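Source file structure.txt; content: compact mmCIF, C-alpha atoms.
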```txt
# COMPACT_ATOMS: atom_id res chain seq x y z
CA MET B 1 -23.19 -24.03 146.52
CA ALA B 2 -20.52 -26.06 148.28
CA ASP B 3 -19.25 -29.29 146.75
CA LEU B 4 -20.51 -31.27 149.71
CA ASP B 5 -24.06 -30.38 148.79
CA PHE B 6 -23.67 -32.18 145.50
CA LYS B 7 -22.94 -35.35 147.44
CA LEU B 8 -26.15 -34.70 149.35
CA LEU B 9 -28.03 -34.30 146.07
CA ALA B 10 -26.51 -37.39 144.51
CA ASN B 11 -27.14 -39.75 147.43
CA ALA B 12 -30.42 -38.60 148.96
CA PRO B 13 -33.83 -40.06 148.05
CA SER B 14 -35.66 -37.70 145.70
CA ARG B 15 -39.24 -37.10 144.59
CA SER B 16 -40.25 -36.39 140.96
CA PHE B 17 -42.87 -33.92 139.73
CA ASN B 18 -43.99 -33.27 136.15
CA ALA B 19 -44.20 -29.90 134.40
CA GLY B 20 -47.34 -28.08 135.48
CA GLU B 21 -47.74 -29.99 138.76
CA THR B 22 -48.16 -28.10 142.03
CA ILE B 23 -45.66 -29.10 144.71
CA PHE B 24 -47.47 -27.15 147.42
CA GLN B 25 -50.00 -24.36 147.60
CA GLU B 26 -50.24 -21.19 149.68
CA GLY B 27 -51.93 -22.21 152.94
CA ASP B 28 -50.82 -25.88 152.85
CA PRO B 29 -49.27 -27.28 156.05
CA ALA B 30 -45.46 -27.00 155.80
CA THR B 31 -43.41 -29.93 157.07
CA GLU B 32 -40.33 -30.00 154.87
CA SER B 33 -38.01 -27.96 152.69
CA TYR B 34 -36.63 -29.02 149.30
CA VAL B 35 -33.43 -28.93 147.31
CA VAL B 36 -33.80 -28.96 143.51
CA LYS B 37 -31.80 -31.89 142.11
CA ASN B 38 -32.66 -31.02 138.51
CA GLY B 39 -35.38 -29.21 136.56
CA SER B 40 -36.99 -25.87 137.39
CA LEU B 41 -39.98 -24.51 139.24
CA GLN B 42 -41.70 -21.25 140.02
CA ILE B 43 -42.63 -19.74 143.37
CA ARG B 44 -45.85 -17.73 143.10
CA ILE B 45 -47.89 -15.65 145.50
CA GLY B 46 -51.38 -15.38 144.05
CA ASP B 47 -50.85 -14.64 140.34
CA ARG B 48 -47.47 -13.04 140.92
CA LEU B 49 -44.26 -14.90 140.00
CA VAL B 50 -41.79 -14.16 142.79
CA GLU B 51 -38.91 -16.52 141.98
CA THR B 52 -37.71 -19.18 139.56
CA LEU B 53 -35.56 -21.95 141.01
CA SER B 54 -33.38 -24.54 139.29
CA ASP B 55 -30.52 -26.96 140.07
CA ALA B 56 -29.34 -26.85 143.70
CA GLY B 57 -31.92 -24.19 144.63
CA ILE B 58 -33.42 -24.45 148.12
CA PHE B 59 -37.01 -23.56 148.97
CA GLY B 60 -39.62 -24.13 151.65
CA GLU B 61 -36.93 -23.60 154.29
CA MET B 62 -39.26 -21.82 156.74
CA ALA B 63 -40.82 -25.25 157.40
CA LEU B 64 -37.62 -26.17 159.26
CA ILE B 65 -38.05 -23.50 161.91
CA ASP B 66 -41.75 -22.80 162.41
CA ASP B 67 -45.18 -24.39 162.02
CA LEU B 68 -46.78 -21.76 159.81
CA PRO B 69 -48.55 -22.81 156.59
CA ARG B 70 -46.92 -22.19 153.19
CA SER B 71 -46.92 -18.50 152.29
CA ALA B 72 -46.56 -19.17 148.54
CA THR B 73 -47.27 -21.77 145.87
CA ALA B 74 -44.58 -23.86 144.12
CA VAL B 75 -45.36 -24.97 140.55
CA VAL B 76 -43.16 -27.17 138.36
CA GLN B 77 -41.89 -25.46 135.20
CA THR B 78 -39.85 -28.28 133.63
CA ASP B 79 -39.93 -31.81 135.15
CA VAL B 80 -38.09 -31.72 138.49
CA ASP B 81 -36.48 -34.08 140.95
CA LEU B 82 -36.54 -32.70 144.48
CA VAL B 83 -34.72 -33.85 147.61
CA PRO B 84 -37.16 -33.37 150.52
CA VAL B 85 -35.49 -32.22 153.76
CA ASN B 86 -37.57 -32.28 156.95
CA GLN B 87 -36.25 -31.07 160.31
CA LYS B 88 -34.96 -34.49 161.33
CA ARG B 89 -33.12 -34.91 158.04
CA PHE B 90 -31.79 -31.36 158.23
CA LEU B 91 -30.27 -32.08 161.64
CA PHE B 92 -28.62 -35.18 160.19
CA LEU B 93 -27.42 -33.40 157.04
CA VAL B 94 -25.83 -30.40 158.76
CA CYS B 95 -23.35 -32.80 160.30
CA GLU B 96 -22.58 -34.67 157.07
CA THR B 97 -22.54 -31.50 154.98
CA PRO B 98 -22.11 -28.48 157.32
CA PHE B 99 -22.09 -25.96 154.45
CA PHE B 100 -25.67 -27.02 153.80
CA ALA B 101 -26.74 -25.14 156.97
CA LEU B 102 -25.11 -21.96 155.63
CA ASN B 103 -26.77 -22.43 152.24
CA VAL B 104 -30.19 -22.82 153.86
CA MET B 105 -29.50 -19.72 155.99
CA ARG B 106 -28.53 -17.77 152.88
CA ALA B 107 -31.71 -18.84 151.09
CA LEU B 108 -33.72 -17.88 154.16
CA ALA B 109 -32.06 -14.47 154.44
CA ASN B 110 -32.39 -13.66 150.73
CA ARG B 111 -36.01 -14.68 150.70
CA LEU B 112 -36.97 -12.85 153.89
CA ARG B 113 -35.23 -9.74 152.59
CA THR B 114 -37.47 -9.87 149.51
CA GLN B 115 -40.49 -10.93 151.55
CA THR B 116 -41.16 -14.11 149.63
CA SER B 117 -40.27 -16.75 152.21
CA VAL B 118 -42.00 -20.08 151.64
CA MET J 119 -33.03 -23.33 173.28
CA ALA J 120 -32.03 -26.98 173.03
CA ASP J 121 -30.10 -28.59 175.90
CA LEU J 122 -27.16 -29.23 173.62
CA ASP J 123 -26.62 -25.51 173.30
CA PHE J 124 -25.98 -25.27 177.00
CA LYS J 125 -23.08 -27.67 176.53
CA LEU J 126 -21.82 -25.33 173.81
CA LEU J 127 -22.12 -22.38 176.19
CA ALA J 128 -20.45 -24.19 179.07
CA ASN J 129 -17.45 -25.49 177.13
CA ALA J 130 -16.69 -22.78 174.56
CA PRO J 131 -14.16 -19.99 175.07
CA SER J 132 -15.96 -16.76 175.92
CA ARG J 133 -15.19 -13.05 175.87
CA SER J 134 -16.21 -10.61 178.64
CA PHE J 135 -17.52 -7.06 178.26
CA ASN J 136 -18.43 -4.58 181.00
CA ALA J 137 -21.68 -2.63 181.33
CA GLY J 138 -21.66 0.33 178.96
CA GLU J 139 -19.06 -1.14 176.58
CA THR J 140 -19.77 -1.32 172.85
CA ILE J 141 -19.37 -4.81 171.36
CA PHE J 142 -19.66 -3.55 167.81
CA GLN J 143 -20.96 -0.47 166.04
CA GLU J 144 -23.14 0.05 162.99
CA GLY J 145 -20.77 0.00 160.00
CA ASP J 146 -18.08 -2.16 161.65
CA PRO J 147 -16.78 -5.13 159.62
CA ALA J 148 -18.73 -8.26 160.64
CA THR J 149 -16.77 -11.47 161.05
CA GLU J 150 -18.55 -13.41 163.78
CA SER J 151 -21.83 -13.96 165.58
CA TYR J 152 -22.27 -14.29 169.34
CA VAL J 153 -24.20 -16.33 171.86
CA VAL J 154 -24.89 -14.64 175.22
CA LYS J 155 -23.53 -16.86 177.99
CA ASN J 156 -24.74 -14.53 180.74
CA GLY J 157 -25.57 -10.86 181.21
CA SER J 158 -27.61 -8.63 178.91
CA LEU J 159 -27.08 -6.23 176.03
CA GLN J 160 -28.99 -3.93 173.76
CA ILE J 161 -29.14 -3.80 169.98
CA ARG J 162 -29.58 -0.23 168.74
CA ILE J 163 -29.95 1.39 165.35
CA GLY J 164 -29.02 5.04 165.73
CA ASP J 165 -30.74 6.15 168.95
CA ARG J 166 -33.47 3.53 168.67
CA LEU J 167 -33.43 0.44 170.91
CA VAL J 168 -34.52 -2.47 168.71
CA GLU J 169 -33.88 -5.46 170.95
CA THR J 170 -32.62 -6.53 174.39
CA LEU J 171 -30.80 -9.87 174.57
CA SER J 172 -29.89 -12.01 177.56
CA ASP J 173 -28.84 -15.59 178.39
CA ALA J 174 -28.60 -17.89 175.35
CA GLY J 175 -29.60 -15.09 172.96
CA ILE J 176 -27.93 -15.13 169.54
CA PHE J 177 -26.95 -12.00 167.61
CA GLY J 178 -24.71 -10.89 164.75
CA GLU J 179 -25.72 -14.02 162.81
CA MET J 180 -25.70 -12.26 159.43
CA ALA J 181 -21.89 -12.30 159.69
CA LEU J 182 -22.02 -16.06 159.08
CA ILE J 183 -23.56 -15.74 155.63
CA ASP J 184 -22.46 -12.47 154.07
CA ASP J 185 -19.68 -9.87 154.17
CA LEU J 186 -21.79 -6.79 154.83
CA PRO J 187 -20.86 -4.45 157.71
CA ARG J 188 -22.91 -4.43 160.94
CA SER J 189 -26.32 -2.86 160.45
CA ALA J 190 -26.75 -2.06 164.16
CA THR J 191 -24.79 -1.35 167.34
CA ALA J 192 -24.54 -3.78 170.30
CA VAL J 193 -24.05 -2.16 173.73
CA VAL J 194 -23.59 -4.05 177.01
CA GLN J 195 -26.35 -3.44 179.56
CA THR J 196 -25.13 -5.58 182.47
CA ASP J 197 -21.68 -7.25 182.35
CA VAL J 198 -21.79 -10.04 179.73
CA ASP J 199 -19.86 -13.12 178.73
CA LEU J 200 -20.23 -13.87 175.02
CA VAL J 201 -19.29 -16.97 173.04
CA PRO J 202 -17.97 -15.73 169.66
CA VAL J 203 -18.94 -17.96 166.71
CA ASN J 204 -17.26 -17.32 163.38
CA GLN J 205 -18.10 -19.27 160.21
CA LYS J 206 -15.45 -21.93 160.82
CA ARG J 207 -16.63 -22.48 164.39
CA PHE J 208 -20.27 -22.50 163.25
CA LEU J 209 -19.50 -25.30 160.79
CA PHE J 210 -17.86 -27.25 163.59
CA LEU J 211 -20.67 -26.57 166.08
CA VAL J 212 -23.57 -27.55 163.83
CA CYS J 213 -22.19 -31.07 163.85
CA GLU J 214 -21.64 -31.24 167.63
CA THR J 215 -24.92 -29.45 168.39
CA PRO J 216 -27.19 -29.63 165.31
CA PHE J 217 -30.07 -27.77 167.00
CA PHE J 218 -27.74 -24.78 167.13
CA ALA J 219 -28.18 -24.36 163.36
CA LEU J 220 -31.96 -24.22 163.81
CA ASN J 221 -31.62 -21.72 166.66
CA VAL J 222 -29.43 -19.46 164.55
CA MET J 223 -31.93 -19.78 161.66
CA ARG J 224 -34.78 -18.85 164.01
CA ALA J 225 -32.89 -15.80 165.27
CA LEU J 226 -32.14 -14.83 161.67
CA ALA J 227 -35.77 -15.22 160.60
CA ASN J 228 -37.19 -13.34 163.59
CA ARG J 229 -34.73 -10.51 163.13
CA LEU J 230 -35.19 -10.21 159.37
CA ARG J 231 -38.95 -10.21 159.87
CA THR J 232 -38.58 -7.22 162.16
CA GLN J 233 -35.85 -5.67 159.99
CA THR J 234 -33.24 -5.48 162.72
CA SER J 235 -30.72 -8.04 161.53
CA VAL J 236 -27.21 -7.42 162.79
```
As structure tokens:
Amino acid sequence: MADLDFKLLANAPSRSFNAGETIFQEGDPATESYVVKNGSLQIRIGDRLVETLSDAGIFGEMALIDDLPRSATAVVQTDVDLVPVNQKRFLFLVCETPFFALNVMRALANRLRTQTSV
Amino acid sequence: MADLDFKLLANAPSRSFNAGETIFQEGDPATESYVVKNGSLQIRIGDRLVETLSDAGIFGEMALIDDLPRSATAVVQTDVDLVPVNQKRFLFLVCETPFFALNVMRALANRLRTQTSV
């Protein structure tokens, strides 16, 4: 992850969730993506664990480009601080931190390749 | 495609190919993506036609995020003008035309969903 993204993480407003909390569920409306500032969480489809994310991980990125509901559930593993990024904020951030766009694209590509996009 | 992208297409240096020419072949090193300024082209895997692209279409976008060779062949259908976009130019463009990042992400997602990413 590019250095510039750390500036994004340090300065952006974040949202805290406690261990065990559900950030979103499969089928929920999707309006924003998230960057993990600290802590860890799991992405699950049904009972299946598909991914574990920690510091600087990006998830929920499909919300930036379409209006489909969440295709997976995100559950907090250890207390997390997340930076929410909706489309408007994304468009602002890609100018301040252009590598962020590439990082989101990489997350998108990796996830679609493994069929676990959220 | 957002209006801003038309500014990108109008002002950026382009490269011309004639009908029947091959832009790149499966297995070629991939260093840049392209936006179709005008004309049309076909994306083929082996003998199979997987997609036809025309004005404002984006292809070769995987080159922005990884170093893998081309996974398909791009052949000109009617004479085309293409705007080449390498990673450096992409990082510049996403600031001038932020919707461009979302358009590239949409192309990436659609293509990966249909397994024809180039």
Show me, as a tab-separated table, the residues of chain J having an atom within 12 Å of chain B, each with the closest atom pair and its distance in Å, using only C-alpha atoms.
```
residue	atom	partner	partner_atom	distance
J:Glu179	CA	B:Met105	CA	9.7
J:Met180	CA	B:Ala109	CA	8.4
J:Ala181	CA	B:Leu102	CA	11.0
J:Leu182	CA	B:Leu102	CA	7.5
J:Ile183	CA	B:Arg106	CA	6.0
J:Asp184	CA	B:Arg106	CA	8.1
J:Asp185	CA	B:Arg106	CA	11.9
J:Asn204	CA	B:Leu102	CA	12.0
J:Gln205	CA	B:Leu102	CA	8.8
J:Lys206	CA	B:Pro98	CA	10.0
J:Arg207	CA	B:Pro98	CA	10.8
J:Phe208	CA	B:Pro98	CA	8.6
J:Leu209	CA	B:Pro98	CA	5.4
J:Phe210	CA	B:Pro98	CA	7.7
J:Leu211	CA	B:Cys95	CA	8.9
J:Val212	CA	B:Val94	CA	6.2
J:Cys213	CA	B:Cys95	CA	4.1
J:Glu214	CA	B:Cys95	CA	7.7
J:Thr215	CA	B:Cys95	CA	8.9
J:Pro216	CA	B:Leu91	CA	5.4
J:Phe217	CA	B:Leu91	CA	6.9
J:Phe218	CA	B:Leu91	CA	9.5
J:Ala219	CA	B:Ala101	CA	6.6
J:Leu220	CA	B:Ile65	CA	6.4
J:Asn221	CA	B:Ile65	CA	8.2
J:Val222	CA	B:Met105	CA	8.6
J:Met223	CA	B:Met105	CA	6.2
J:Arg224	CA	B:Ile65	CA	6.1
J:Ala225	CA	B:Ile65	CA	9.9
J:Leu226	CA	B:Ala109	CA	7.2
J:Ala227	CA	B:Leu112	CA	7.2
J:Asn228	CA	B:Leu112	CA	9.7
J:Arg229	CA	B:Leu112	CA	9.8
J:Leu230	CA	B:Leu112	CA	6.3
J:Arg231	CA	B:Leu112	CA	6.8
J:Thr232	CA	B:Leu112	CA	10.1
J:Gln233	CA	B:Arg113	CA	8.5
J:Thr234	CA	B:Arg113	CA	11.2
J:Ser235	CA	B:Ala109	CA	9.7
J:Val236	CA	B:Ala109	CA	12.0
```
Choose the residue, out of J:Ser172, J:Thr149, J:Asn156, J:Thr140, that has the smallest atom-to-atom separation from Thr191 of chain J; count all atoms listed in the file.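 Closest residue, counting all atoms listed in the file: J:Thr140.
For the pair atom CA of Ile58 of chain B and atom CA of Val36 of chain B, the separation is 6.5 Å.
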When you look at Ile163 of chain J with a cut-off of 10 Å (counting all atoms listed in the file), what residues show up, excluding the ones that are within fewer than 5 positions of it in the same chain? I need them as a PyMOL selection string. chain J and resi 143-144+168-169+189-192+234+236
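From atom CA of Arg166 of chain J back to atom CA of Asn136 of chain J, the distance works out to 21.1 Å.
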Would you compute the distance between atom CA of Val201 of chain J and atom CA of Ser158 of chain J? Give it in Å to one decimal. 13.2 Å
Please write out, as AutoDock Vina command-line options, where the centre of an axis-aligned box around all listed atoms of segment 38-48 of chain B lies and how long its edges are, in Å to one decimal, after adding 3 Å on each side.
```
--center_x -42.0 --center_y -22.0 --center_z 141.0 --size_x 24.7 --size_y 24.0 --size_z 14.9
```
From the block you just saw, export segment 209-236 of chain J: N, CA and C atoms, as a short mmCIF file (atom, residue, chain, number, x, y, z; two decimals), in the first residue's frame.
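Heads up, here's the output in selection_7.cif:
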```cif
data_model
loop_
_atom_site.label_atom_id
_atom_site.label_comp_id
_atom_site.auth_asym_id
_atom_site.auth_seq_id
_atom_site.Cartn_x
_atom_site.Cartn_y
_atom_site.Cartn_z
N LEU J 209 -2.54 7.80 -13.11
CA LEU J 209 -2.46 8.52 -11.84
C LEU J 209 -2.63 10.02 -12.05
N PHE J 210 -2.19 10.51 -13.18
CA PHE J 210 -2.39 11.92 -13.50
C PHE J 210 -3.86 12.18 -13.86
N LEU J 211 -4.42 11.28 -14.66
CA LEU J 211 -5.79 11.48 -15.16
C LEU J 211 -6.86 11.39 -14.09
N VAL J 212 -6.65 10.50 -13.09
CA VAL J 212 -7.70 10.33 -12.08
C VAL J 212 -7.89 11.61 -11.28
N CYS J 213 -6.88 12.47 -11.29
CA CYS J 213 -7.04 13.74 -10.60
C CYS J 213 -7.78 14.74 -11.49
N GLU J 214 -7.38 14.79 -12.78
CA GLU J 214 -8.05 15.71 -13.71
C GLU J 214 -9.48 15.29 -13.99
N THR J 215 -9.70 13.96 -14.09
CA THR J 215 -11.03 13.44 -14.44
C THR J 215 -11.35 12.26 -13.51
N PRO J 216 -11.75 12.55 -12.27
CA PRO J 216 -11.90 11.48 -11.27
C PRO J 216 -12.88 10.38 -11.68
N PHE J 217 -13.91 10.72 -12.47
CA PHE J 217 -14.86 9.68 -12.88
C PHE J 217 -14.18 8.62 -13.73
N PHE J 218 -13.05 9.00 -14.34
CA PHE J 218 -12.31 8.04 -15.16
C PHE J 218 -11.92 6.81 -14.34
N ALA J 219 -11.52 7.02 -13.09
CA ALA J 219 -11.16 5.90 -12.21
C ALA J 219 -12.34 4.96 -12.04
N LEU J 220 -13.54 5.54 -11.84
CA LEU J 220 -14.73 4.69 -11.68
C LEU J 220 -15.06 3.96 -12.98
N ASN J 221 -14.87 4.62 -14.12
CA ASN J 221 -15.13 3.96 -15.40
C ASN J 221 -14.18 2.80 -15.63
N VAL J 222 -12.92 3.00 -15.28
CA VAL J 222 -11.95 1.91 -15.43
C VAL J 222 -12.32 0.76 -14.48
N MET J 223 -12.73 1.10 -13.25
CA MET J 223 -13.14 0.06 -12.29
C MET J 223 -14.36 -0.71 -12.78
N ARG J 224 -15.29 0.01 -13.41
CA ARG J 224 -16.48 -0.66 -13.95
C ARG J 224 -16.11 -1.62 -15.08
N ALA J 225 -15.21 -1.15 -15.96
CA ALA J 225 -14.76 -2.01 -17.07
C ALA J 225 -14.07 -3.25 -16.51
N LEU J 226 -13.24 -3.03 -15.50
CA LEU J 226 -12.51 -4.12 -14.85
C LEU J 226 -13.48 -5.13 -14.24
N ALA J 227 -14.47 -4.63 -13.51
CA ALA J 227 -15.44 -5.51 -12.85
C ALA J 227 -16.27 -6.28 -13.87
N ASN J 228 -16.76 -5.58 -14.89
CA ASN J 228 -17.59 -6.26 -15.90
C ASN J 228 -16.79 -7.35 -16.60
N ARG J 229 -15.54 -7.02 -16.90
CA ARG J 229 -14.71 -7.97 -17.64
C ARG J 229 -14.32 -9.17 -16.78
N LEU J 230 -13.99 -8.90 -15.52
CA LEU J 230 -13.61 -10.02 -14.64
C LEU J 230 -14.81 -10.92 -14.36
N ARG J 231 -16.00 -10.28 -14.30
CA ARG J 231 -17.21 -11.08 -14.08
C ARG J 231 -17.46 -12.02 -15.25
N THR J 232 -17.06 -11.59 -16.45
CA THR J 232 -17.28 -12.45 -17.61
C THR J 232 -15.99 -13.15 -18.03
N GLN J 233 -14.95 -13.02 -17.16
CA GLN J 233 -13.70 -13.76 -17.37
C GLN J 233 -13.02 -13.44 -18.69
N THR J 234 -13.05 -12.18 -19.10
CA THR J 234 -12.38 -11.85 -20.34
C THR J 234 -11.43 -10.67 -20.15
N SER J 235 -10.90 -10.54 -18.93
CA SER J 235 -10.05 -9.37 -18.67
C SER J 235 -8.79 -9.41 -19.53
N VAL J 236 -8.43 -8.23 -20.04
CA VAL J 236 -7.26 -8.14 -20.91
C VAL J 236 -6.24 -7.15 -20.37
#
```
